[in-house]
file query.pdb (PDB, C-alpha atoms and all ligand atoms)
MODEL        1
ATOM      1  CA  MET A 268       7.547 -23.228  -7.922
ATOM      2  CA  ASP A 269       9.640 -20.405  -9.269
ATOM      3  CA  THR A 270      13.198 -20.524  -8.012
ATOM      4  CA  THR A 271      14.528 -17.402  -9.740
ATOM      5  CA  PRO A 272      16.612 -15.587  -7.148
ATOM      6  CA  VAL A 273      15.253 -12.148  -6.296
ATOM      7  CA  ARG A 274      17.692  -9.373  -7.261
ATOM      8  CA  ARG A 275      17.246  -7.177  -4.211
ATOM      9  CA  ASP A 276      20.059  -4.853  -5.194
ATOM     10  CA  LEU A 277      18.280  -3.411  -8.243
ATOM     11  CA  PRO A 278      15.676  -0.681  -7.794
ATOM     12  CA  ALA A 279      12.093  -1.764  -8.148
ATOM     13  CA  GLY A 280       8.498  -0.659  -8.237
ATOM     14  CA  ARG A 281       5.628  -2.810  -7.112
ATOM     15  CA  PHE A 282       1.914  -3.502  -6.947
ATOM     16  CA  ALA A 283       0.679  -4.778  -3.599
ATOM     17  CA  PRO A 284      -2.980  -5.773  -3.684
ATOM     18  CA  SER A 285      -4.902  -7.235  -0.771
ATOM     19  CA  PRO A 286      -6.373 -10.491  -2.105
ATOM     20  CA  SER A 287      -9.784  -9.795  -0.614
ATOM     21  CA  GLY A 288     -11.722 -10.111  -3.874
ATOM     22  CA  ASP A 289     -11.451  -9.465  -7.588
ATOM     23  CA  LEU A 290      -9.642  -6.333  -8.784
ATOM     24  CA  HIS A 291     -11.936  -3.643 -10.180
ATOM     25  CA  VAL A 292     -11.080  -1.179 -12.937
ATOM     26  CA  GLY A 293      -9.773   1.286 -10.353
ATOM     27  CA  ASN A 294      -7.334  -1.269  -8.949
ATOM     28  CA  LEU A 295      -6.317  -2.330 -12.474
ATOM     29  CA  ARG A 296      -5.685   1.279 -13.464
ATOM     30  CA  THR A 297      -3.482   1.776 -10.396
ATOM     31  CA  ALA A 298      -1.650  -1.481 -11.189
ATOM     32  CA  LEU A 299      -1.053  -0.351 -14.784
ATOM     33  CA  LEU A 300       0.249   2.997 -13.540
ATOM     34  CA  ALA A 301       2.608   1.299 -11.081
ATOM     35  CA  TRP A 302       3.859  -0.921 -13.909
ATOM     36  CA  LEU A 303       4.218   2.036 -16.320
ATOM     37  CA  PHE A 304       6.132   4.102 -13.756
ATOM     38  CA  ALA A 305       8.481   1.203 -12.948
ATOM     39  CA  ARG A 306       9.153   0.021 -16.493
ATOM     40  CA  HIS A 307       9.449   3.591 -17.799
ATOM     41  CA  THR A 308      12.364   4.040 -15.401
ATOM     42  CA  ASP A 309      13.870   0.582 -16.132
ATOM     43  CA  ARG A 310      13.019  -0.717 -12.700
ATOM     44  CA  ARG A 311      12.112  -4.242 -11.780
ATOM     45  CA  PHE A 312       8.408  -4.686 -11.066
ATOM     46  CA  LEU A 313       7.319  -6.855  -8.156
ATOM     47  CA  LEU A 314       3.951  -8.244  -7.144
ATOM     48  CA  ARG A 315       3.179  -8.682  -3.465
ATOM     49  CA  MET A 316       0.040 -10.191  -2.019
ATOM     50  CA  GLU A 317      -0.860  -8.351   1.179
ATOM     51  CA  ASP A 318      -2.686 -11.324   2.636
ATOM     52  CA  LEU A 319      -2.288 -10.652   6.363
ATOM     53  CA  ASP A 320      -6.027 -10.120   6.655
ATOM     54  CA  ARG A 321      -9.180  -9.821   4.562
ATOM     55  CA  THR A 322      -8.428 -12.631   2.141
ATOM     56  CA  ALA A 323     -10.913 -14.430  -0.071
ATOM     57  CA  VAL A 324     -10.220 -17.966  -1.255
ATOM     58  CA  GLY A 325      -8.688 -17.969  -4.746
ATOM     59  CA  ALA A 326      -8.685 -14.163  -5.042
ATOM     60  CA  ASP A 327      -4.890 -14.083  -5.363
ATOM     61  CA  HIS A 328      -4.987 -16.342  -8.439
ATOM     62  CA  ARG A 329      -7.826 -14.387 -10.025
ATOM     63  CA  GLN A 330      -5.947 -11.128  -9.415
ATOM     64  CA  ILE A 331      -2.821 -12.607 -10.999
ATOM     65  CA  ASP A 332      -4.835 -13.728 -14.050
ATOM     66  CA  ASP A 333      -6.441 -10.300 -14.396
ATOM     67  CA  LEU A 334      -3.098  -8.492 -14.116
ATOM     68  CA  HIS A 335      -1.707 -10.736 -16.872
ATOM     69  CA  ALA A 336      -4.840 -10.125 -18.944
ATOM     70  CA  VAL A 337      -4.310  -6.341 -18.966
ATOM     71  CA  GLY A 338      -0.699  -6.815 -20.098
ATOM     72  CA  ILE A 339       1.236  -6.392 -16.850
ATOM     73  CA  ASP A 340       4.328  -8.522 -16.308
ATOM     74  CA  TRP A 341       6.461  -8.734 -13.183
ATOM     75  CA  ASP A 342       9.701 -10.166 -11.921
ATOM     76  CA  PRO A 343       9.036 -13.418 -10.074
ATOM     77  CA  PRO A 344       8.358 -14.684  -7.537
ATOM     78  CA  VAL A 345       5.073 -13.255  -6.254
ATOM     79  CA  THR A 346       5.558 -12.549  -2.542
ATOM     80  CA  TYR A 347       2.943 -13.449   0.067
ATOM     81  CA  GLN A 348       3.120 -11.593   3.361
ATOM     82  CA  THR A 349       1.845 -14.607   5.309
ATOM     83  CA  ALA A 350       5.083 -16.372   4.311
ATOM     84  CA  ARG A 351       7.110 -13.645   6.028
ATOM     85  CA  LEU A 352       5.656 -13.535   9.536
ATOM     86  CA  ALA A 353       8.985 -14.451  11.114
ATOM     87  CA  VAL A 354      10.650 -11.521   9.338
ATOM     88  CA  TYR A 355       8.100  -9.016  10.703
ATOM     89  CA  ASP A 356       8.410 -10.507  14.197
ATOM     90  CA  GLY A 357      12.198 -10.182  13.965
ATOM     91  CA  VAL A 358      11.872  -6.500  13.078
ATOM     92  CA  VAL A 359       9.482  -5.866  16.000
ATOM     93  CA  GLU A 360      11.979  -7.588  18.304
ATOM     94  CA  ARG A 361      14.827  -5.524  16.921
ATOM     95  CA  LEU A 362      12.951  -2.246  17.425
ATOM     96  CA  THR A 363      11.937  -3.377  20.918
ATOM     97  CA  ALA A 364      15.553  -4.167  21.811
ATOM     98  CA  GLN A 365      16.368  -0.586  20.740
ATOM     99  CA  ASP A 366      13.640   0.727  23.096
ATOM    100  CA  ARG A 367      11.727   1.951  20.062
ATOM    101  CA  THR A 368       8.423   0.281  20.960
ATOM    102  CA  PHE A 369       5.994  -0.076  23.828
ATOM    103  CA  PRO A 370       3.076  -2.397  24.541
ATOM    104  CA  CYS A 371      -0.323  -0.700  24.384
ATOM    105  CA  PHE A 372      -3.307  -2.105  26.209
ATOM    106  CA  CYS A 373      -5.809   0.558  25.145
ATOM    107  CA  THR A 374      -9.094  -0.319  23.517
ATOM    108  CA  ARG A 375     -10.307   1.768  20.594
ATOM    109  CA  ARG A 376     -12.875   3.372  22.931
ATOM    110  CA  GLU A 377     -10.222   4.337  25.473
ATOM    111  CA  ILE A 378      -8.154   5.985  22.754
ATOM    112  CA  LEU A 379     -11.152   7.953  21.481
ATOM    113  CA  ASP A 380     -12.133   9.013  25.013
ATOM    114  CA  ALA A 381      -8.637   9.997  26.189
ATOM    115  CA  PRO A 382      -7.794  13.693  26.186
ATOM    116  CA  SER A 383      -5.350  14.312  23.360
ATOM    117  CA  ALA A 384      -1.861  15.576  24.061
ATOM    118  CA  PRO A 385      -1.335  19.318  23.534
ATOM    119  CA  HIS A 386      -0.486  20.155  19.878
ATOM    120  CA  ALA A 387      -1.168  16.551  18.836
ATOM    121  CA  PRO A 388      -2.835  16.224  15.420
ATOM    122  CA  PRO A 389      -6.468  15.039  15.503
ATOM    123  CA  GLY A 390      -6.772  11.267  15.896
ATOM    124  CA  ALA A 391      -3.168  10.868  17.112
ATOM    125  CA  TYR A 392      -2.519   8.271  19.771
ATOM    126  CA  PRO A 393      -2.865  10.118  23.113
ATOM    127  CA  GLY A 394       0.186   8.424  24.643
ATOM    128  CA  THR A 395      -1.725   6.550  27.362
ATOM    129  CA  CYS A 396       0.588   3.514  27.535
ATOM    130  CA  ALA A 397       3.800   5.204  26.374
ATOM    131  CA  ASN A 398       5.228   5.724  29.836
ATOM    132  CA  LEU A 399       3.716   3.023  32.035
ATOM    133  CA  THR A 400       5.839   1.935  34.963
ATOM    134  CA  ALA A 401       6.910  -1.697  35.084
ATOM    135  CA  ALA A 402       4.306  -2.276  37.801
ATOM    136  CA  GLN A 403       1.504  -0.717  35.748
ATOM    137  CA  ARG A 404       2.541  -2.807  32.774
ATOM    138  CA  GLU A 405       2.491  -5.998  34.871
ATOM    139  CA  GLU A 406      -0.926  -5.103  36.204
ATOM    140  CA  ARG A 407      -2.318  -4.620  32.706
ATOM    141  CA  LEU A 408      -0.703  -7.815  31.445
ATOM    142  CA  ALA A 409      -2.273  -9.679  34.354
ATOM    143  CA  SER A 410      -5.713  -8.431  33.267
ATOM    144  CA  GLY A 411      -5.373 -10.853  30.344
ATOM    145  CA  ARG A 412      -5.815  -8.339  27.531
ATOM    146  CA  PRO A 413      -2.962  -8.901  25.052
ATOM    147  CA  PRO A 414      -1.177  -5.675  24.098
ATOM    148  CA  ALA A 415      -0.651  -4.202  20.680
ATOM    149  CA  ILE A 416       2.892  -2.977  20.022
ATOM    150  CA  ARG A 417       3.358   0.681  19.110
ATOM    151  CA  ILE A 418       6.381   2.466  17.755
ATOM    152  CA  ARG A 419       7.821   5.057  20.142
ATOM    153  CA  SER A 420       7.985   7.875  17.645
ATOM    154  CA  ASP A 421      10.360  10.765  18.195
ATOM    155  CA  VAL A 422       8.757  13.045  15.610
ATOM    156  CA  THR A 423       5.228  14.414  15.246
ATOM    157  CA  GLU A 424       5.359  14.791  11.487
ATOM    158  CA  PHE A 425       7.470  13.675   8.549
ATOM    159  CA  SER A 426       7.815  14.768   4.920
ATOM    160  CA  VAL A 427       7.886  12.654   1.805
ATOM    161  CA  VAL A 428       8.441  13.463  -1.847
ATOM    162  CA  ASP A 429       5.596  12.565  -4.153
ATOM    163  CA  LEU A 430       5.898  12.802  -7.919
ATOM    164  CA  LEU A 431       2.312  14.049  -8.212
ATOM    165  CA  HIS A 432       1.791  15.896  -4.917
ATOM    166  CA  GLY A 433       5.255  17.394  -4.432
ATOM    167  CA  GLU A 434       6.598  17.536  -0.891
ATOM    168  CA  TYR A 435       3.929  16.225   1.456
ATOM    169  CA  THR A 436       4.141  16.530   5.229
ATOM    170  CA  GLY A 437       1.865  14.477   7.450
ATOM    171  CA  ALA A 438       1.380  13.490  11.053
ATOM    172  CA  VAL A 439       3.357  10.682  12.670
ATOM    173  CA  ASP A 440       2.183   9.398  16.042
ATOM    174  CA  ASP A 441       3.007   6.308  18.111
ATOM    175  CA  PHE A 442       1.331   4.050  15.561
ATOM    176  CA  VAL A 443       0.683   0.316  15.917
ATOM    177  CA  ILE A 444       3.243  -2.020  14.357
ATOM    178  CA  ARG A 445       1.811  -5.286  15.747
ATOM    179  CA  ARG A 446      -1.888  -5.675  16.439
ATOM    180  CA  ASN A 447      -3.041  -7.185  19.683
ATOM    181  CA  ASP A 448      -3.973 -10.438  17.910
ATOM    182  CA  GLY A 449      -0.280 -10.780  16.981
ATOM    183  CA  THR A 450      -0.728  -9.824  13.321
ATOM    184  CA  PRO A 451       1.918  -7.450  11.946
ATOM    185  CA  ALA A 452       0.298  -4.090  11.194
ATOM    186  CA  TYR A 453      -0.062  -2.976   7.584
ATOM    187  CA  ASN A 454       2.338  -0.039   8.119
ATOM    188  CA  LEU A 455       5.073  -2.346   9.403
ATOM    189  CA  ALA A 456       4.716  -5.062   6.766
ATOM    190  CA  VAL A 457       4.683  -2.557   3.889
ATOM    191  CA  VAL A 458       7.852  -0.847   5.059
ATOM    192  CA  VAL A 459       9.721  -4.058   5.839
ATOM    193  CA  ASP A 460       8.837  -5.585   2.485
ATOM    194  CA  ASP A 461       9.493  -2.485   0.395
ATOM    195  CA  GLY A 462      12.878  -2.147   2.106
ATOM    196  CA  ALA A 463      13.814  -5.825   1.943
ATOM    197  CA  PHE A 464      13.050  -6.130  -1.770
ATOM    198  CA  GLY A 465      14.811  -2.959  -2.875
ATOM    199  CA  ILE A 466      11.562  -1.159  -3.727
ATOM    200  CA  ASP A 467      12.414   2.506  -4.137
ATOM    201  CA  GLN A 468       9.329   3.605  -6.037
ATOM    202  CA  VAL A 469       5.829   3.263  -4.550
ATOM    203  CA  VAL A 470       2.922   3.992  -6.867
ATOM    204  CA  ARG A 471      -0.542   3.465  -5.341
ATOM    205  CA  GLY A 472      -3.930   5.110  -4.842
ATOM    206  CA  ASP A 473      -3.973   8.551  -3.277
ATOM    207  CA  ASP A 474      -6.174   7.271  -0.434
ATOM    208  CA  LEU A 475      -2.841   6.108   1.055
ATOM    209  CA  LEU A 476      -1.032   9.439   0.784
ATOM    210  CA  SER A 477      -1.611  10.236   4.470
ATOM    211  CA  SER A 478       0.038   6.906   5.453
ATOM    212  CA  ALA A 479       3.236   7.731   3.584
ATOM    213  CA  PRO A 480       4.825   9.966   6.278
ATOM    214  CA  ARG A 481       4.459   7.222   8.940
ATOM    215  CA  GLN A 482       5.843   4.621   6.579
ATOM    216  CA  ALA A 483       8.752   6.773   5.424
ATOM    217  CA  TYR A 484       9.606   7.585   9.035
ATOM    218  CA  LEU A 485       9.560   3.892   9.948
ATOM    219  CA  ALA A 486      11.778   3.161   6.931
ATOM    220  CA  THR A 487      14.409   5.535   8.294
ATOM    221  CA  LEU A 488      14.312   3.754  11.677
ATOM    222  CA  LEU A 489      15.041   0.519   9.810
ATOM    223  CA  ASP A 490      17.877   2.134   7.844
ATOM    224  CA  TYR A 491      16.020   2.068   4.552
ATOM    225  CA  ALA A 492      15.931   5.149   2.341
ATOM    226  CA  PRO A 493      12.265   6.159   1.974
ATOM    227  CA  PRO A 494      11.004   5.399  -1.527
ATOM    228  CA  THR A 495       9.868   7.936  -4.089
ATOM    229  CA  TYR A 496       6.089   8.019  -4.031
ATOM    230  CA  ALA A 497       3.461   8.624  -6.674
ATOM    231  CA  HIS A 498      -0.024   8.608  -5.168
ATOM    232  CA  VAL A 499      -2.307   8.445  -8.172
ATOM    233  CA  PRO A 500      -5.901   9.663  -8.414
ATOM    234  CA  MET A 501      -8.629   7.217  -7.575
ATOM    235  CA  VAL A 502     -11.403   6.018  -9.815
ATOM    236  CA  VAL A 503     -14.819   7.220  -8.695
ATOM    237  CA  ASN A 504     -18.432   6.517  -9.630
ATOM    238  CA  ALA A 505     -20.820   9.041 -11.170
ATOM    239  CA  ASP A 506     -21.498  10.481  -7.679
ATOM    240  CA  GLY A 507     -17.799  11.151  -7.129
ATOM    241  CA  VAL A 508     -17.526   8.331  -4.586
ATOM    242  CA  ARG A 509     -14.583   5.930  -4.732
ATOM    243  CA  LEU A 510     -15.454   3.033  -7.027
ATOM    244  CA  SER A 511     -16.466  -0.212  -5.331
ATOM    245  CA  LYS A 512     -18.065  -3.527  -6.166
ATOM    246  CA  ARG A 513     -21.451  -1.930  -5.370
ATOM    247  CA  ASP A 514     -21.129   0.119  -8.538
ATOM    248  CA  GLY A 515     -22.225  -2.749 -10.781
ATOM    249  CA  ALA A 516     -19.958  -4.267 -13.433
ATOM    250  CA  VAL A 517     -16.487  -3.160 -12.341
ATOM    251  CA  THR A 518     -14.365  -6.330 -12.452
ATOM    252  CA  LEU A 519     -13.059  -7.906 -15.661
ATOM    253  CA  SER A 520     -15.385 -10.894 -15.292
ATOM    254  CA  ASP A 521     -18.476  -8.708 -14.631
ATOM    255  CA  LEU A 522     -17.546  -6.485 -17.526
ATOM    256  CA  ALA A 523     -17.006  -9.481 -19.818
ATOM    257  CA  ALA A 524     -20.499 -10.669 -18.883
ATOM    258  CA  ALA A 525     -21.729  -7.187 -19.902
ATOM    259  CA  CYS A 526     -19.964  -7.637 -23.281
ATOM    260  CA  VAL A 527     -17.080  -5.290 -22.428
ATOM    261  CA  SER A 528     -13.883  -7.146 -23.353
ATOM    262  CA  VAL A 529     -10.517  -6.839 -21.599
ATOM    263  CA  VAL A 530      -9.247  -4.937 -24.637
ATOM    264  CA  ASP A 531     -12.136  -2.469 -24.270
ATOM    265  CA  VAL A 532     -11.405  -2.050 -20.546
ATOM    266  CA  CYS A 533      -7.729  -1.353 -21.263
ATOM    267  CA  SER A 534      -8.747   1.091 -23.949
ATOM    268  CA  MET A 535     -10.953   2.979 -21.436
ATOM    269  CA  ILE A 536      -8.147   3.029 -18.890
ATOM    270  CA  TYR A 537      -5.576   4.288 -21.402
ATOM    271  CA  ALA A 538      -7.968   6.966 -22.672
ATOM    272  CA  SER A 539      -8.512   8.070 -19.055
ATOM    273  CA  LEU A 540      -4.745   8.432 -18.703
ATOM    274  CA  GLY A 541      -4.383  10.411 -21.915
ATOM    275  CA  LEU A 542      -2.424   7.539 -23.495
ATOM    276  CA  GLY A 543      -4.925   6.694 -26.221
ATOM    277  CA  GLU A 544      -8.026   7.982 -27.987
ATOM    278  CA  ALA A 545     -11.428   6.763 -26.868
ATOM    279  CA  GLY A 546     -11.980   3.347 -28.440
ATOM    280  CA  GLU A 547      -8.349   3.000 -29.553
ATOM    281  CA  HIS A 548      -6.970  -0.450 -28.837
ATOM    282  CA  ILE A 549      -3.336  -0.378 -27.741
ATOM    283  CA  THR A 550      -1.099  -2.902 -26.039
ATOM    284  CA  SER A 551       0.555  -2.263 -22.685
ATOM    285  CA  ALA A 552       3.885  -2.098 -24.563
ATOM    286  CA  GLU A 553       2.526   0.728 -26.740
ATOM    287  CA  ALA A 554       1.141   2.484 -23.635
ATOM    288  CA  LEU A 555       4.594   2.229 -22.099
ATOM    289  CA  ARG A 556       6.106   3.823 -25.186
ATOM    290  CA  ARG A 557       3.648   6.726 -24.933
ATOM    291  CA  PHE A 558       3.820   7.106 -21.133
ATOM    292  CA  ASP A 559       4.950  10.478 -19.809
ATOM    293  CA  PRO A 560       4.461  10.859 -16.057
ATOM    294  CA  ARG A 561       4.467  14.662 -16.387
ATOM    295  CA  ARG A 562       1.292  14.515 -18.473
ATOM    296  CA  LEU A 563      -0.812  12.366 -16.173
ATOM    297  CA  PRO A 564      -4.253  13.696 -15.306
ATOM    298  CA  THR A 565      -4.407  14.671 -11.634
ATOM    299  CA  ARG A 566      -8.170  14.466 -11.223
ATOM    300  CA  PRO A 567     -10.077  11.305 -10.346
ATOM    301  CA  TRP A 568     -11.416   9.295 -13.258
ATOM    302  CA  VAL A 569     -15.194   8.952 -13.299
ATOM    303  CA  PHE A 570     -16.086   5.412 -14.346
ATOM    304  CA  GLU A 571     -19.560   5.364 -15.834
ATOM    305  CA  ARG A 572     -21.821   2.378 -15.260
ATOM    306  CA  GLN A 573     -21.496   0.008 -18.267
TER     307      GLN A 573
HETATM  308  N1  LIG A 601      -2.614  -3.562   0.095
HETATM  309  C1  LIG A 601      -2.988  -2.173  -0.003
HETATM  310  C2  LIG A 601      -4.294  -2.061  -0.742
HETATM  311  O1  LIG A 601      -4.646  -2.969  -1.482
HETATM  312  C3  LIG A 601      -1.965  -1.348  -0.745
HETATM  313  C4  LIG A 601      -0.775  -1.093   0.068
HETATM  314  C5  LIG A 601       0.286  -0.258  -0.627
HETATM  315  O2  LIG A 601       0.280  -0.149  -1.853
HETATM  316  O3  LIG A 601       1.132   0.242   0.092
HETATM  317  O4  LIG A 601      -4.977  -1.071  -0.572
ENDMDL
END

call {"tool": "encode", "arguments": {"input": "query.pdb", "output": "structure tokens"}}
result
Amino acid sequence: MDTTPVRRDLPAGRFAPSPSGDLHVGNLRTALLAWLFARHTDRRFLLRMEDLDRTAVGADHRQIDDLHAVGIDWDPPVTYQTARLAVYDGVVERLTAQDRTFPCFCTRREILDAPSAPHAPPGAYPGTCANLTAAQREERLASGRPPAIRIRSDVTEFSVVDLLHGEYTGAVDDFVIRRNDGTPAYNLAVVVDDGAFGIDQVVRGDDLLSSAPRQAYLATLLDYAPPTYAHVPMVVNADGVRLSKRDGAVTLSDLAAACVSVVDVCSMIYASLGLGEAGEHITSAEALRRFDPRRLPTRPWVFERQ
């Protein structure tokens, strides 16, 4: 086991995959971008396994091997969210003691069926359980349905700064921070971990851009400065749909079986980022030397079937 102490005082970037299966070229491209952004700015680079749900046996180790194979290095140790449950619980307790949370007994159906609050953005939590009396709360607890815990938000929107998207403002509602099965919600765990490990630069797929305002708002409640974001374009298939395992050979092992080596995959990724010519083989160190965030393509990369 690695015993290197974590330097939490130095700024850091990170890659935070969910170990639910093998990484595909889209995930690897995002990981390389996160690494390039961090190392280009002399930050530490951390790897965090978001294993609170959807895990597949051994996927974490295969992801680690694949990240090494494409030339990414990180500052140890690798963090696993399942090892930090007590930390998330402590944060929920702290927010609850500050009257910043409330238990929510709603089912998904009830939330969809409830009339939305005036001026609330579409899909926002309608506020059903926000102001229950103690008696109503007791009654619902007695029904046996365990509550989720929601943040009592005092804003309806929040702005973040994104290196690719500029200032981005998005909706913030009373979002869930602990699910009703007791699992810390993704939004909570991300913010607690980014804050606790000194992560001040978050580079990830732009499918998560709309989550950033909630997360940045929660960071401020926890006295963390919101990070700088870079939400990078996704990789899509020939139909323009986000790449997935259904698109054939998309993981390093599938591609190797189709006679596309790791070096070839890296070469395709670097060419897609404007860091190399098609077919040019460069190391991650050379890509880092050439990296200029201002010249990144902003359109999705179309990954053709190999
Ligand atoms: N674990 C998330 C994913 O794999 C990423 C979370 C994040 O980068 O904030 O989609």

call {"tool": "residues_near_point", "arguments": {"input": "query.pdb", "point": "(4.2, 4.2, 30.4)", "cutoff": "12 Å", "atoms": "only C-alpha atoms", "output": "MDAnalysis selection string"}}
result
chainID A and resid 368:373 393:405 407 417 419

call {"tool": "atom_distance", "arguments": {"input": "query.pdb", "atom1": "atom CA of A:Thr518", "atom2": "atom CA of A:Met316"}}
result
18.2 Å

call {"tool": "resolve_selection", "arguments": {"input": "query.pdb", "expression": "the PyMOL selection byres (((not hetatm)) within 6 of (chain A and resi 601))", "output": "count of residues only"}}
result
6

call {"tool": "resolve_selection", "arguments": {"input": "query.pdb", "expression": "the PyMOL selection byres (((chain A and resi 567) around 12) and not hetatm)", "output": "mmCIF file with C-alpha atoms, keeping the file's coordinate frame"}}
result
data_model
loop_
_atom_site.group_PDB
_atom_site.id
_atom_site.type_symbol
_atom_site.label_atom_id
_atom_site.label_comp_id
_atom_site.auth_asym_id
_atom_site.auth_seq_id
_atom_site.Cartn_x
_atom_site.Cartn_y
_atom_site.Cartn_z
ATOM 1 C CA GLY A 293 -9.773 1.286 -10.353
ATOM 2 C CA ARG A 296 -5.685 1.279 -13.464
ATOM 3 C CA THR A 297 -3.482 1.776 -10.396
ATOM 4 C CA GLY A 472 -3.930 5.110 -4.842
ATOM 5 C CA ASP A 473 -3.973 8.551 -3.277
ATOM 6 C CA ASP A 474 -6.174 7.271 -0.434
ATOM 7 C CA HIS A 498 -0.024 8.608 -5.168
ATOM 8 C CA VAL A 499 -2.307 8.445 -8.172
ATOM 9 C CA PRO A 500 -5.901 9.663 -8.414
ATOM 10 C CA MET A 501 -8.629 7.217 -7.575
ATOM 11 C CA VAL A 502 -11.403 6.018 -9.815
ATOM 12 C CA VAL A 503 -14.819 7.220 -8.695
ATOM 13 C CA ASN A 504 -18.432 6.517 -9.630
ATOM 14 C CA ALA A 505 -20.820 9.041 -11.170
ATOM 15 C CA ASP A 506 -21.498 10.481 -7.679
ATOM 16 C CA GLY A 507 -17.799 11.151 -7.129
ATOM 17 C CA VAL A 508 -17.526 8.331 -4.586
ATOM 18 C CA ARG A 509 -14.583 5.930 -4.732
ATOM 19 C CA LEU A 510 -15.454 3.033 -7.027
ATOM 20 C CA SER A 539 -8.512 8.070 -19.055
ATOM 21 C CA LEU A 540 -4.745 8.432 -18.703
ATOM 22 C CA LEU A 563 -0.812 12.366 -16.173
ATOM 23 C CA PRO A 564 -4.253 13.696 -15.306
ATOM 24 C CA THR A 565 -4.407 14.671 -11.634
ATOM 25 C CA ARG A 566 -8.170 14.466 -11.223
ATOM 26 C CA TRP A 568 -11.416 9.295 -13.258
ATOM 27 C CA VAL A 569 -15.194 8.952 -13.299
ATOM 28 C CA PHE A 570 -16.086 5.412 -14.346
#

call {"tool": "resolve_selection", "arguments": {"input": "query.pdb", "expression": "the PyMOL selection byres (((chain A and resi 556) around 12) and not hetatm)", "output": "list in words"}}
result
Leu303, Phe304, Arg306, His307, Thr308, Leu542, Gly543, Ile549, Thr550, Ser551, Ala552, Glu553, Ala554, Leu555, Arg557, Phe558, Asp559 and Pro560 of chain A

call {"tool": "closest_atom_pairs", "arguments": {"input": "query.pdb", "of": "stretch 470-533 of chain A", "to": "stretch 460-463 of chain A", "cutoff": "12 Å", "atoms": "only C-alpha atoms", "output": "CSV"}}
result
residue,atom,partner,partner_atom,distance
A:Val470,CA,A:Asp461,CA,11.7
A:Gln482,CA,A:Asp461,CA,10.1
A:Ala483,CA,A:Gly462,CA,10.4
A:Leu485,CA,A:Gly462,CA,10.4
A:Ala486,CA,A:Gly462,CA,7.3
A:Thr487,CA,A:Gly462,CA,10.0
A:Leu488,CA,A:Gly462,CA,11.3
A:Leu489,CA,A:Gly462,CA,8.4
A:Asp490,CA,A:Gly462,CA,8.7
A:Tyr491,CA,A:Gly462,CA,5.8
A:Ala492,CA,A:Gly462,CA,7.9
A:Pro493,CA,A:Gly462,CA,8.3
A:Pro494,CA,A:Asp461,CA,8.3
A:Thr495,CA,A:Asp461,CA,11.4
A:Tyr496,CA,A:Asp461,CA,11.9

call {"tool": "axis_aligned_box", "arguments": {"input": "query.pdb", "around": "stretch 515-531 of chain A", "padding_each_side": "8 Å", "output": "AutoDock Vina command-line options"}}
result
--center_x -15.7 --center_y -6.7 --center_z -17.7 --size_x 29.0 --size_y 24.4 --size_z 29.9

call {"tool": "closest_residue", "arguments": {"input": "query.pdb", "among": "A:Val345, A:Ala523, A:Ala409, A:Ala387", "to": "A:Asp440", "atoms": "all atoms listed in the file"}}
result
A:Ala387

call {"tool": "residues_around", "arguments": {"input": "query.pdb", "residues": "A:Ser426", "least_positions_apart": "2", "cutoff": "10 Å", "atoms": "all atoms listed in the file", "output": "ChimeraX atom specification"}}
result
/A:424,428-429,434-439,479-481,483-484

call {"tool": "closest_residue", "arguments": {"input": "query.pdb", "among": "A:Leu430, A:Leu290, A:Ala381, A:Leu300", "to": "A:His328", "atoms": "all atoms listed in the file"}}
result
A:Leu290

call {"tool": "closest_residue", "arguments": {"input": "query.pdb", "among": "A:Ile418, A:Leu362, A:Ala456, A:Leu476", "to": "A:Phe442", "atoms": "all atoms listed in the file"}}
result
A:Ile418
